[in-house]
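Q: Quick one: this structure, given as structure tokens, is what I'll be asking you about.
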Amino acid sequence: MTAPALNLPQLLTEAKRWFDDALLASMRAAGEQPVTVGQAAVFAALEEEGTTVSGLTRRMGVTRQTAHQAVHALIGLGLLEQAPDPTSARSRLIRPTAEGARVHRRARDTLTVIEGVLAQRIGTDAVSALREALTIPMGEPPLVEAP
């Protein structure tokens, strides 16, 4: 019996896992502190001036507890810090330390190389088409009924 073909969300998840695995393994091999996929996702969700935990929760699509755990682990590693939010006395901004900014730059550069490897494997036209397709606004998620 053959397995049913993967649907598009499953294929996108597998592709993200491929990038995540390559990034984390490459960073470890380069001597960087090991982090989890969830902790790495915090850096992708940070705004330049800093982001509140509530903002990270929304941008990452995770629970507040999950965001807090990732942030505090990264603070413990010296990669993030908390600072007062100038717009709210009750909030604190999460932002990278100098070391965190260095590691984040290295991760972005590493992802560029990984994307180049993908282009060698599946072709630059395929990677360009994929990038273009994924940047087209899709609009609000539809509400549909299954047939």
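Simple scheme: letters A, B, ... for chains in structure tokens order, numbers from 1 for residues in each chain, numbers from 1 for ligands in the order shown.
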Quick one: everything within 12 Å of region 27-29 of chain A, counting only C-alpha atoms, minus sequence neighbours fewer than 3 positions away in the same chain. Send it as a PDB file with N, CA and C atoms, in the first residue's frame.

A:
ATOM      1  N   ASP A  20      15.886  24.158   9.441  1.00  0.00           N
ATOM      2  CA  ASP A  20      16.192  24.213  10.877  1.00  0.00           C
ATOM      3  C   ASP A  20      17.313  23.242  11.242  1.00  0.00           C
ATOM      4  N   ASP A  21      17.212  22.001  10.753  1.00  0.00           N
ATOM      5  CA  ASP A  21      18.234  21.002  11.057  1.00  0.00           C
ATOM      6  C   ASP A  21      19.595  21.439  10.533  1.00  0.00           C
ATOM      7  N   ALA A  22      19.628  21.952   9.300  1.00  0.00           N
ATOM      8  CA  ALA A  22      20.893  22.401   8.711  1.00  0.00           C
ATOM      9  C   ALA A  22      21.471  23.577   9.494  1.00  0.00           C
ATOM     10  N   LEU A  23      20.621  24.532   9.848  1.00  0.00           N
ATOM     11  CA  LEU A  23      21.090  25.718  10.578  1.00  0.00           C
ATOM     12  C   LEU A  23      21.647  25.338  11.937  1.00  0.00           C
ATOM     13  N   LEU A  24      20.876  24.588  12.724  1.00  0.00           N
ATOM     14  CA  LEU A  24      21.319  24.274  14.085  1.00  0.00           C
ATOM     15  C   LEU A  24      22.568  23.409  14.076  1.00  0.00           C
ATOM     16  N   GLU A  32      29.116  27.442  18.086  1.00  0.00           N
ATOM     17  CA  GLU A  32      28.148  28.311  18.768  1.00  0.00           C
ATOM     18  C   GLU A  32      27.396  27.518  19.828  1.00  0.00           C
ATOM     19  N   GLN A  33      26.853  28.234  20.814  1.00  0.00           N
ATOM     20  CA  GLN A  33      26.078  27.600  21.872  1.00  0.00           C
ATOM     21  C   GLN A  33      24.862  26.904  21.259  1.00  0.00           C
ATOM     22  N   PRO A  34      24.578  25.688  21.669  1.00  0.00           N
ATOM     23  CA  PRO A  34      23.403  25.015  21.113  1.00  0.00           C
ATOM     24  C   PRO A  34      22.114  25.663  21.602  1.00  0.00           C
ATOM     25  N   VAL A  35      21.176  25.852  20.685  1.00  0.00           N
ATOM     26  CA  VAL A  35      19.840  26.354  21.013  1.00  0.00           C
ATOM     27  C   VAL A  35      18.825  25.431  20.355  1.00  0.00           C
ATOM     28  N   THR A  36      17.586  25.526  20.796  1.00  0.00           N
ATOM     29  CA  THR A  36      16.514  24.732  20.208  1.00  0.00           C
ATOM     30  C   THR A  36      15.911  25.492  19.030  1.00  0.00           C
ATOM     31  N   VAL A  37      15.090  24.798  18.267  1.00  0.00           N
ATOM     32  CA  VAL A  37      14.384  25.439  17.155  1.00  0.00           C
ATOM     33  C   VAL A  37      13.512  26.579  17.686  1.00  0.00           C
ATOM     34  N   ALA A  40      15.646  29.551  18.573  1.00  0.00           N
ATOM     35  CA  ALA A  40      16.097  30.227  17.351  1.00  0.00           C
ATOM     36  C   ALA A  40      14.966  31.053  16.748  1.00  0.00           C
ATOM     37  N   VAL A 103      25.584  36.357  17.005  1.00  0.00           N
ATOM     38  CA  VAL A 103      25.128  35.010  16.677  1.00  0.00           C
ATOM     39  C   VAL A 103      23.997  35.074  15.644  1.00  0.00           C
ATOM     40  N   HIS A 104      23.095  36.050  15.795  1.00  0.00           N
ATOM     41  CA  HIS A 104      21.991  36.185  14.847  1.00  0.00           C
ATOM     42  C   HIS A 104      22.508  36.528  13.444  1.00  0.00           C
ATOM     43  N   ARG A 105      23.490  37.405  13.351  1.00  0.00           N
ATOM     44  CA  ARG A 105      24.098  37.712  12.034  1.00  0.00           C
ATOM     45  C   ARG A 105      24.705  36.455  11.432  1.00  0.00           C
ATOM     46  N   ARG A 106      25.403  35.692  12.269  1.00  0.00           N
ATOM     47  CA  ARG A 106      26.021  34.457  11.771  1.00  0.00           C
ATOM     48  C   ARG A 106      24.954  33.470  11.299  1.00  0.00           C
ATOM     49  N   ALA A 107      23.855  33.380  12.031  1.00  0.00           N
ATOM     50  CA  ALA A 107      22.769  32.478  11.634  1.00  0.00           C
ATOM     51  C   ALA A 107      22.162  32.920  10.302  1.00  0.00           C
ATOM     52  N   ARG A 108      21.939  34.226  10.134  1.00  0.00           N
ATOM     53  CA  ARG A 108      21.399  34.718   8.849  1.00  0.00           C
ATOM     54  C   ARG A 108      22.361  34.409   7.710  1.00  0.00           C
ATOM     55  N   ASP A 109      23.662  34.618   7.932  1.00  0.00           N
ATOM     56  CA  ASP A 109      24.657  34.304   6.900  1.00  0.00           C
ATOM     57  C   ASP A 109      24.675  32.806   6.601  1.00  0.00           C
ATOM     58  N   THR A 110      24.537  31.994   7.629  1.00  0.00           N
ATOM     59  CA  THR A 110      24.512  30.542   7.455  1.00  0.00           C
ATOM     60  C   THR A 110      23.286  30.124   6.651  1.00  0.00           C
ATOM     61  N   LEU A 111      22.126  30.746   6.930  1.00  0.00           N
ATOM     62  CA  LEU A 111      20.922  30.426   6.167  1.00  0.00           C
ATOM     63  C   LEU A 111      21.083  30.781   4.693  1.00  0.00           C
ATOM     64  N   ILE A 114      22.963  27.927   3.248  1.00  0.00           N
ATOM     65  CA  ILE A 114      22.082  26.758   3.158  1.00  0.00           C
ATOM     66  C   ILE A 114      21.127  26.913   1.976  1.00  0.00           C
TER      67      ILE A 114
END

Q: Just list the residues in region 42-86 of chain A DSSP gives helix (DSSP H, G or I) on the backbone, as JSON, numbers by chain.

A: {"A": [42, 43, 44, 45, 53, 54, 55, 56, 57, 58, 59, 60, 64, 65, 66, 67, 68, 69, 70, 71, 72, 73, 74, 75, 76]}

Q: Give me, as a ChimeraX atom specification, all polymer residues having an atom no more than 7 Å from Met60 (chain A), counting only C-alpha atoms and skipping those fewer than 3 positions away in the same chain.

A: /A:45,56-57

Q: Generate the output file for the selected residues, N, CA and C atoms, as an mmCIF file, in the first residue's frame.

A:
data_model
loop_
_atom_site.group_PDB
_atom_site.id
_atom_site.type_symbol
_atom_site.label_atom_id
_atom_site.label_comp_id
_atom_site.auth_asym_id
_atom_site.auth_seq_id
_atom_site.Cartn_x
_atom_site.Cartn_y
_atom_site.Cartn_z
ATOM 1 N N ALA A 45 11.618 36.531 15.321
ATOM 2 C CA ALA A 45 10.441 37.317 15.673
ATOM 3 C C ALA A 45 10.769 38.653 16.336
ATOM 4 N N LEU A 56 6.162 38.814 21.012
ATOM 5 C CA LEU A 56 6.782 37.563 20.547
ATOM 6 C C LEU A 56 5.743 36.449 20.457
ATOM 7 N N THR A 57 4.865 36.383 21.444
ATOM 8 C CA THR A 57 3.816 35.368 21.464
ATOM 9 C C THR A 57 2.975 35.457 20.199
#

Q: Which residues, written as a PDB file with C-alpha atoms, in the first residue's frame, have at least one atom at most 9 Å from region 79-86 of chain A, with only C-alpha atoms counted and residues fewer than 4 positions away on the same chain left out?

A:
ATOM      1  CA  GLY A  50      13.070  45.107  20.938  1.00  0.00           C
ATOM      2  CA  THR A  51       9.844  43.184  21.388  1.00  0.00           C
ATOM      3  CA  THR A  52       7.663  42.455  24.391  1.00  0.00           C
ATOM      4  CA  VAL A  71      13.316  34.030  26.204  1.00  0.00           C
ATOM      5  CA  HIS A  72      14.560  33.181  29.694  1.00  0.00           C
ATOM      6  CA  ALA A  73      16.714  30.341  28.365  1.00  0.00           C
ATOM      7  CA  LEU A  74      18.284  32.762  25.874  1.00  0.00           C
ATOM      8  CA  ILE A  75      18.793  35.363  28.608  1.00  0.00           C
ATOM      9  CA  ARG A  90       4.590  47.579  32.982  1.00  0.00           C
ATOM     10  CA  SER A  91       6.283  46.058  29.931  1.00  0.00           C
ATOM     11  CA  ARG A  92       9.843  45.049  29.237  1.00  0.00           C
ATOM     12  CA  LEU A  93      11.457  44.798  25.834  1.00  0.00           C
ATOM     13  CA  ILE A  94      13.375  41.708  24.839  1.00  0.00           C
ATOM     14  CA  ARG A  95      16.371  42.447  22.658  1.00  0.00           C
ATOM     15  CA  PRO A  96      19.632  40.782  21.676  1.00  0.00           C
ATOM     16  CA  THR A  97      22.816  41.401  23.591  1.00  0.00           C
ATOM     17  CA  ALA A  98      25.929  42.197  21.569  1.00  0.00           C
ATOM     18  CA  GLU A  99      26.707  38.467  21.590  1.00  0.00           C
ATOM     19  CA  GLY A 100      23.142  37.642  20.570  1.00  0.00           C
ATOM     20  CA  ALA A 101      23.342  40.098  17.667  1.00  0.00           C
ATOM     21  CA  VAL A 103      25.128  35.010  16.677  1.00  0.00           C
TER      22      VAL A 103
END

Q: What separation in Å, quoted to one decimal, exists between CA of Asn7 (chain A) and CA of Pro147 (chain A)?

A: 16.5 Å
